[in-house]
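A.B. asks: Please read through the structure below; I'll follow up with questions.
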Amino acid sequence: MRVLYRSLYFKIILILIIFIATIMAVVGTILLNGVSSYFAEDFRKQMEESFVPGAELYDYLEEVVGRGDGAAAMVIMLDAYSGHLGLDANRSAAILDENGAVLAASDTSSMFHIGETVYLTPNILSVMNGGSGSEQRAGADSLDFCIRIASETESYLVYVRDSKEEMQDLNWMLFSIILQALLFGSLFAILLSFFLAKTITAPIQSLTRGAQQIAAGEFEQEIDVHSRDEIGTLTDTFNHMKSVLKNTIDQVSGEQKKLETVFFYLKDAVVAFRDDGSVMHQNTTARDLFVPLMEGAVLTEQGDAEEAQTMTLAWLLRLCGIEDNPIFRAALERDSETGDEGYVLREIALRERVFDVSLGNFRYMENNENHTGVIAVIHDVTGRYELDRSRREFVANVSHELRTPLTSIKGAAETVLRYPDMPSDMRESFLSMAVEESDRMTRIVGDLLVLSRLDNNRTKWEISTFSVEAVIRHMCEVVKNDIAEHRHTLSVRLDDNLPQITADKDRVEQVLLNILTNAVKYTPDGGQILLRAAANRSHVAISVRDNGIGIPKEDQPHLFERFYRVEKSRTTGAGGTGLGLAIAKELVEAHGGKIKLNSVLGRGTELTVILPIRSPLADEAAQEEEPTA
Ligand code: ADP
């Protein structure tokens, strides 16, 4: 019901009814007033025409006034002219004396009673005072007219009064007509407003539906334009606005998609925090990076294990050594006021990794309120650190490895110089030590050269196709004396049909030699060394197994690093450079192969080299040759 009150339909009905009622009231008032003044005017005219010197009635009245029964004669005269004067039940005439007492009254009169003094109206009073008695007052209960008719001896007042009833009857009739017209007009207004409302509201309703569709994100449907009026123009404008809006939204969402894609596939972790510190968005890198890190945090920060389950700004800031307080927020804020992106950069170490964390702020809307959140961009710089660290270590190792033999050589040379009379066998042993140490230095420098060429891609590969079996047999010959010296047993077990491979033969031999000599070195005398080889369609696998000292688990991941040597083996005086396996690994990998380690401390070690039958190096070499061919 309330809706009906507020509806356009109701308003139109109301307006129309008020309109009709107003018109009726105005017309009615004019009409009723017109009738009243017409009556009054007509009455005045009738009286003035009858009671004017020269008029028949007036002359007769003047004639009879002087007679003895003047009043009675005058009334007879008035009755005779009753038609002319309009005398009837509502209009009467009377003859009054100078005090207003009724001397005689016309026939039809019920208003005047002989002997009674009439109410002295302004007209009567005016005539009594010698003035005119034809004034008519609006709003008076009745119309009246008074005139003095006098002879030399007698003087009477002729008084005519109209009760206005006739006029009131007419007014009532008019009033009821107006009332009926109002009633019909209202009914008509209700009907009319129904149609009017329909024509006005139908396009508005379709506009409303269109607006609702836009609010629901549907932009496809055009709103039909039914009319060419203001609402039609509004609908046109609305349709235009819709298409502009759609284009804008398409553009914005396109941009957003682009940014989202960038955001999600960014190598850096990006996390947007709300101002309460909870995560608003994070990209895949952030999730991949932080889920394991958070698990670590749960282990290390027992106190707030629960908090660490989900990343929060507080957690990240604590890692950065920053307290989330107004000063920190203001620091971000201040920068953004100057137009620069406000940011704070920190380096954090977490679970053996190092990160650069940049923190900046951003504005967002939530629940119709403006907020300032914090965006963290987390860049993993562990690689850079590792590289730096391994470089430093490498330089330290090289210096150390070269200084040791140099010190020995210098010591030996100085001793020989200082004691010229030294027994010759002693001098010889000093000198041969110097030679040995310089050989070792040469070996180290040679190995470093190999590695440096590999690092800089400057290795000259000599690719050929050769038999794996032949290479293996050759290497066995090379280490034969060493094996015999340490009383090891070398067993060789090769699959039938080992293929020919295409690779750098010398380098493959070098790899095998390094592995074999290690097996010889790190196996106590009288050990068992087993060399096996097998092949499938694409690869050959050559493995060397010994039952030597083995390698501790914790050393195994580092075994192929440059200069890495297991602490214990150093004390055995095996005297390696720690570069052999590093070189072997890099040579094998350059050939597109792999090297695998399987070792148990105290039980023995097995190293397996897997090489492709045709090394990618062969293709590279072929390509390089092509232009000259
Ligand atoms: P090195 O010149 O010291 O032998 P490598 O790079 O060849 O250097 O080997 C690195 C380290 O790996 C060695 O110092 C040794 O401790 C360990 N190692 C290599 N091969 C074996 C093996 N067959 N048995 C036990 N330890 C080995």
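Labels used: A, B, ... for chains in the order of the structure tokens, numbers from 1 for residues in each chain, and numbers from 1 for ligands as shown.
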Taking the chain letters and numbering used in this document, name the residues of region 319-544 of chain A that DSSP puts in strand (DSSP E), as a ChimeraX atom specification.
C.D. replies: /A:343-350,353-366,369-380,463-467,489-494,500-504,528-535,539-544
A.B. asks: Could you write out that same residue set with C-alpha atoms as a CSV table (one decimal), in the first residue's frame?
C.D. replies:
chain,number,residue,atom,x,y,z
A,343,TYR,CA,59.6,2.1,0.0
A,344,VAL,CA,61.9,0.5,2.5
A,345,LEU,CA,64.5,-2.0,1.4
A,346,ARG,CA,65.9,-4.7,3.7
A,347,GLU,CA,68.0,-7.8,3.3
A,348,ILE,CA,66.9,-10.8,5.3
A,349,ALA,CA,68.4,-14.3,5.7
A,350,LEU,CA,65.9,-17.1,6.2
A,353,ARG,CA,68.6,-18.2,1.8
A,354,VAL,CA,68.9,-14.5,1.4
A,355,PHE,CA,66.2,-12.1,0.2
A,356,ASP,CA,65.9,-8.4,-0.6
A,357,VAL,CA,62.6,-7.2,0.7
A,358,SER,CA,61.2,-3.9,-0.7
A,359,LEU,CA,58.2,-2.5,1.2
A,360,GLY,CA,56.0,0.1,-0.3
A,361,ASN,CA,52.4,1.3,0.3
A,362,PHE,CA,49.4,1.3,-1.9
A,363,ARG,CA,45.8,2.6,-1.5
A,364,TYR,CA,42.8,0.5,-1.8
A,365,MET,CA,39.0,0.6,-1.1
A,366,GLU,CA,37.3,-1.8,1.2
A,369,GLU,CA,36.5,3.2,3.0
A,370,ASN,CA,40.0,4.2,1.9
A,371,HIS,CA,42.8,2.2,3.3
A,372,THR,CA,46.6,2.2,2.9
A,373,GLY,CA,48.1,-1.3,2.6
A,374,VAL,CA,51.7,-2.5,2.3
A,375,ILE,CA,53.1,-4.2,-0.7
A,376,ALA,CA,56.2,-6.4,-0.3
A,377,VAL,CA,58.4,-7.4,-3.2
A,378,ILE,CA,60.7,-10.2,-2.2
A,379,HIS,CA,63.7,-10.9,-4.4
A,380,ASP,CA,65.7,-14.1,-3.8
A,463,ILE,CA,85.3,-35.1,-31.5
A,464,SER,CA,85.7,-38.5,-32.9
A,465,THR,CA,83.9,-41.8,-33.0
A,466,PHE,CA,85.6,-44.6,-31.0
A,467,SER,CA,84.9,-47.8,-29.2
A,489,THR,CA,92.3,-56.5,-7.7
A,490,LEU,CA,90.7,-54.9,-10.8
A,491,SER,CA,87.8,-56.8,-12.3
A,492,VAL,CA,86.3,-55.6,-15.6
A,493,ARG,CA,82.8,-56.7,-16.6
A,494,LEU,CA,81.7,-55.3,-19.9
A,500,GLN,CA,81.0,-46.9,-30.6
A,501,ILE,CA,80.4,-43.4,-29.2
A,502,THR,CA,81.0,-40.0,-30.6
A,503,ALA,CA,82.8,-37.7,-28.2
A,504,ASP,CA,86.1,-36.2,-27.2
A,528,GLN,CA,88.6,-54.8,-4.9
A,529,ILE,CA,87.9,-52.5,-7.8
A,530,LEU,CA,85.2,-53.4,-10.2
A,531,LEU,CA,84.8,-51.7,-13.6
A,532,ARG,CA,81.6,-52.3,-15.5
A,533,ALA,CA,80.0,-50.9,-18.6
A,534,ALA,CA,76.6,-51.4,-20.2
A,535,ALA,CA,74.6,-49.6,-22.9
A,539,HIS,CA,73.5,-44.1,-23.6
A,540,VAL,CA,76.5,-45.9,-22.2
A,541,ALA,CA,77.1,-46.3,-18.4
A,542,ILE,CA,80.5,-46.9,-17.1
A,543,SER,CA,80.9,-47.5,-13.3
A,544,VAL,CA,83.9,-47.9,-11.1
A.B. asks: Using only C-alpha atoms, which residues sit within 10 Å of region 455-460 of chain A once same-chain residues fewer than 4 positions away are excluded, as a list of chain:residue names?
C.D. replies: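 Everything that qualifies: A:Leu449, A:Val450, A:Leu451, A:Asp504, A:Glu586, A:Leu587, A:Ala590, A:Ala621.
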A.B. asks: Residues of the last selection are to be written out with N, CA and C atoms, as an mmCIF file, in the first residue's frame.
C.D. replies:
data_model
loop_
_atom_site.group_PDB
_atom_site.id
_atom_site.type_symbol
_atom_site.label_atom_id
_atom_site.label_comp_id
_atom_site.auth_asym_id
_atom_site.auth_seq_id
_atom_site.Cartn_x
_atom_site.Cartn_y
_atom_site.Cartn_z
ATOM 1 N N LEU A 449 93.411 -24.637 -15.374
ATOM 2 C CA LEU A 449 93.291 -24.182 -16.764
ATOM 3 C C LEU A 449 92.147 -24.887 -17.482
ATOM 4 N N VAL A 450 92.105 -26.237 -17.238
ATOM 5 C CA VAL A 450 91.015 -27.009 -17.859
ATOM 6 C C VAL A 450 89.665 -26.433 -17.435
ATOM 7 N N LEU A 451 89.559 -26.216 -16.103
ATOM 8 C CA LEU A 451 88.279 -25.715 -15.575
ATOM 9 C C LEU A 451 87.957 -24.321 -16.115
ATOM 10 N N ASP A 504 84.708 -36.563 -27.276
ATOM 11 C CA ASP A 504 86.134 -36.212 -27.239
ATOM 12 C C ASP A 504 86.855 -37.313 -26.469
ATOM 13 N N GLU A 586 82.300 -31.745 -14.924
ATOM 14 C CA GLU A 586 82.057 -30.731 -15.956
ATOM 15 C C GLU A 586 82.300 -31.276 -17.353
ATOM 16 N N LEU A 587 83.294 -32.156 -17.485
ATOM 17 C CA LEU A 587 83.541 -32.757 -18.809
ATOM 18 C C LEU A 587 82.352 -33.611 -19.226
ATOM 19 N N ALA A 590 79.434 -31.463 -20.106
ATOM 20 C CA ALA A 590 79.645 -30.819 -21.410
ATOM 21 C C ALA A 590 79.306 -31.787 -22.540
ATOM 22 N N ALA A 621 80.232 -29.250 -33.168
ATOM 23 C CA ALA A 621 81.463 -29.261 -33.977
ATOM 24 C C ALA A 621 81.105 -29.287 -35.459
#
A.B. asks: For ligand 1, return the neighbouring residues as a ChimeraX atom specification (distance at most 9 Å; only C-alpha atoms and all ligand atoms).
C.D. replies: /A:514-523,544-552,555-556,558-570,574-584,599,601-602,604-607
A.B. asks: Would you put the residues from that selection into a file with C-alpha atoms, as an mmCIF file, in the first residue's frame?
C.D. replies:
data_model
loop_
_atom_site.group_PDB
_atom_site.id
_atom_site.type_symbol
_atom_site.label_atom_id
_atom_site.label_comp_id
_atom_site.auth_asym_id
_atom_site.auth_seq_id
_atom_site.Cartn_x
_atom_site.Cartn_y
_atom_site.Cartn_z
ATOM 1 C CA ASN A 514 90.285 -39.468 -12.487
ATOM 2 C CA ILE A 515 87.677 -41.879 -11.210
ATOM 3 C CA LEU A 516 89.936 -44.912 -11.439
ATOM 4 C CA THR A 517 92.854 -43.216 -9.667
ATOM 5 C CA ASN A 518 90.467 -42.089 -6.924
ATOM 6 C CA ALA A 519 89.319 -45.679 -6.471
ATOM 7 C CA VAL A 520 92.958 -46.741 -6.249
ATOM 8 C CA LYS A 521 93.855 -43.879 -3.877
ATOM 9 C CA TYR A 522 90.926 -44.115 -1.502
ATOM 10 C CA THR A 523 90.941 -47.872 -1.101
ATOM 11 C CA VAL A 544 83.863 -47.889 -11.051
ATOM 12 C CA ARG A 545 83.213 -49.505 -7.693
ATOM 13 C CA ASP A 546 85.690 -49.963 -4.861
ATOM 14 C CA ASN A 547 85.486 -51.338 -1.366
ATOM 15 C CA GLY A 548 87.505 -48.446 0.019
ATOM 16 C CA ILE A 549 87.028 -45.892 2.766
ATOM 17 C CA GLY A 550 83.761 -44.474 1.373
ATOM 18 C CA ILE A 551 82.489 -40.926 1.707
ATOM 19 C CA PRO A 552 80.488 -39.529 4.646
ATOM 20 C CA ASP A 555 80.280 -34.614 2.240
ATOM 21 C CA GLN A 556 78.586 -36.283 -0.696
ATOM 22 C CA HIS A 558 79.854 -31.210 -2.113
ATOM 23 C CA LEU A 559 82.070 -33.842 -3.661
ATOM 24 C CA PHE A 560 81.999 -32.341 -7.121
ATOM 25 C CA GLU A 561 82.827 -28.839 -5.917
ATOM 26 C CA ARG A 562 86.202 -27.409 -6.770
ATOM 27 C CA PHE A 563 88.892 -28.107 -4.166
ATOM 28 C CA TYR A 564 86.474 -30.084 -2.070
ATOM 29 C CA ARG A 565 88.145 -32.897 -0.269
ATOM 30 C CA VAL A 566 86.811 -35.081 2.500
ATOM 31 C CA GLU A 567 88.712 -34.047 5.606
ATOM 32 C CA LYS A 568 89.772 -37.575 6.510
ATOM 33 C CA SER A 569 91.210 -38.468 3.166
ATOM 34 C CA ARG A 570 93.486 -35.473 3.419
ATOM 35 C CA ALA A 574 96.626 -39.140 -0.612
ATOM 36 C CA GLY A 575 97.739 -35.757 -1.901
ATOM 37 C CA GLY A 576 94.938 -35.015 -4.394
ATOM 38 C CA THR A 577 94.128 -31.555 -5.646
ATOM 39 C CA GLY A 578 90.384 -31.733 -4.983
ATOM 40 C CA LEU A 579 89.794 -30.792 -8.619
ATOM 41 C CA GLY A 580 89.612 -34.250 -10.198
ATOM 42 C CA LEU A 581 85.897 -34.909 -9.684
ATOM 43 C CA ALA A 582 84.980 -31.294 -10.419
ATOM 44 C CA ILE A 583 86.702 -31.624 -13.793
ATOM 45 C CA ALA A 584 85.181 -35.067 -14.390
ATOM 46 C CA SER A 599 78.971 -44.312 -1.435
ATOM 47 C CA LEU A 601 81.337 -44.633 4.620
ATOM 48 C CA GLY A 602 83.750 -47.476 5.422
ATOM 49 C CA GLY A 604 83.137 -48.339 -0.528
ATOM 50 C CA THR A 605 82.213 -46.010 -3.333
ATOM 51 C CA GLU A 606 80.691 -46.356 -6.778
ATOM 52 C CA LEU A 607 80.876 -43.616 -9.366
#
A.B. asks: I'd like the neighbourhood of Leu196 (chain A) as a list in words, where a residue qualifies if any of its atoms comes within 9 Å (using only C-alpha atoms), though same-chain residues fewer than 5 positions away should be ignored.
C.D. replies: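 Final neighbour list, sorted by chain and number: Tyr9, Ile12, Leu191 and Thr201 of chain A.
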A.B. asks: Would you save the residues from that selection as a compact mmCIF listing (two decimals), in the first residue's frame, using all heavy atoms?
C.D. replies:
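Contents of again.txt, as written:
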# COMPACT_ATOMS: atom_id res chain seq x y z
N TYR A 9 1.69 6.75 -10.46
CA TYR A 9 0.27 6.64 -10.76
C TYR A 9 -0.53 7.44 -9.75
O TYR A 9 -1.36 8.28 -10.10
CB TYR A 9 -0.07 5.15 -10.70
CG TYR A 9 -1.51 4.84 -10.89
CD1 TYR A 9 -2.19 5.23 -12.04
CD2 TYR A 9 -2.20 4.13 -9.92
CE1 TYR A 9 -3.52 4.92 -12.21
CE2 TYR A 9 -3.54 3.82 -10.09
CZ TYR A 9 -4.20 4.22 -11.23
OH TYR A 9 -5.51 3.93 -11.38
N ILE A 12 0.02 11.18 -10.10
CA ILE A 12 -0.67 11.78 -11.24
C ILE A 12 -2.15 11.95 -10.91
O ILE A 12 -2.75 13.00 -11.18
CB ILE A 12 -0.46 10.92 -12.50
CG1 ILE A 12 1.00 11.02 -12.93
CG2 ILE A 12 -1.37 11.39 -13.63
CD1 ILE A 12 1.35 10.15 -14.08
N LEU A 191 -8.99 7.51 -14.48
CA LEU A 191 -8.78 6.73 -15.69
C LEU A 191 -7.61 7.29 -16.51
O LEU A 191 -6.72 6.57 -16.93
CB LEU A 191 -10.04 6.76 -16.55
CG LEU A 191 -11.12 5.74 -16.16
CD1 LEU A 191 -12.35 5.92 -17.04
CD2 LEU A 191 -10.57 4.33 -16.29
N THR A 201 5.51 5.71 -17.08
CA THR A 201 6.31 4.77 -16.27
C THR A 201 6.90 3.64 -17.10
O THR A 201 7.96 3.13 -16.75
CB THR A 201 5.48 4.17 -15.12
OG1 THR A 201 4.31 3.59 -15.67
CG2 THR A 201 5.14 5.19 -14.07
A.B. asks: From the list A:Glu255, A:Asp97, A:Asp162, A:Glu154, which residue is nearest Ser110 (chain A) when using only C-alpha atoms?
C.D. replies: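 With only C-alpha atoms as the atom set, the closest residue is A:Asp162.
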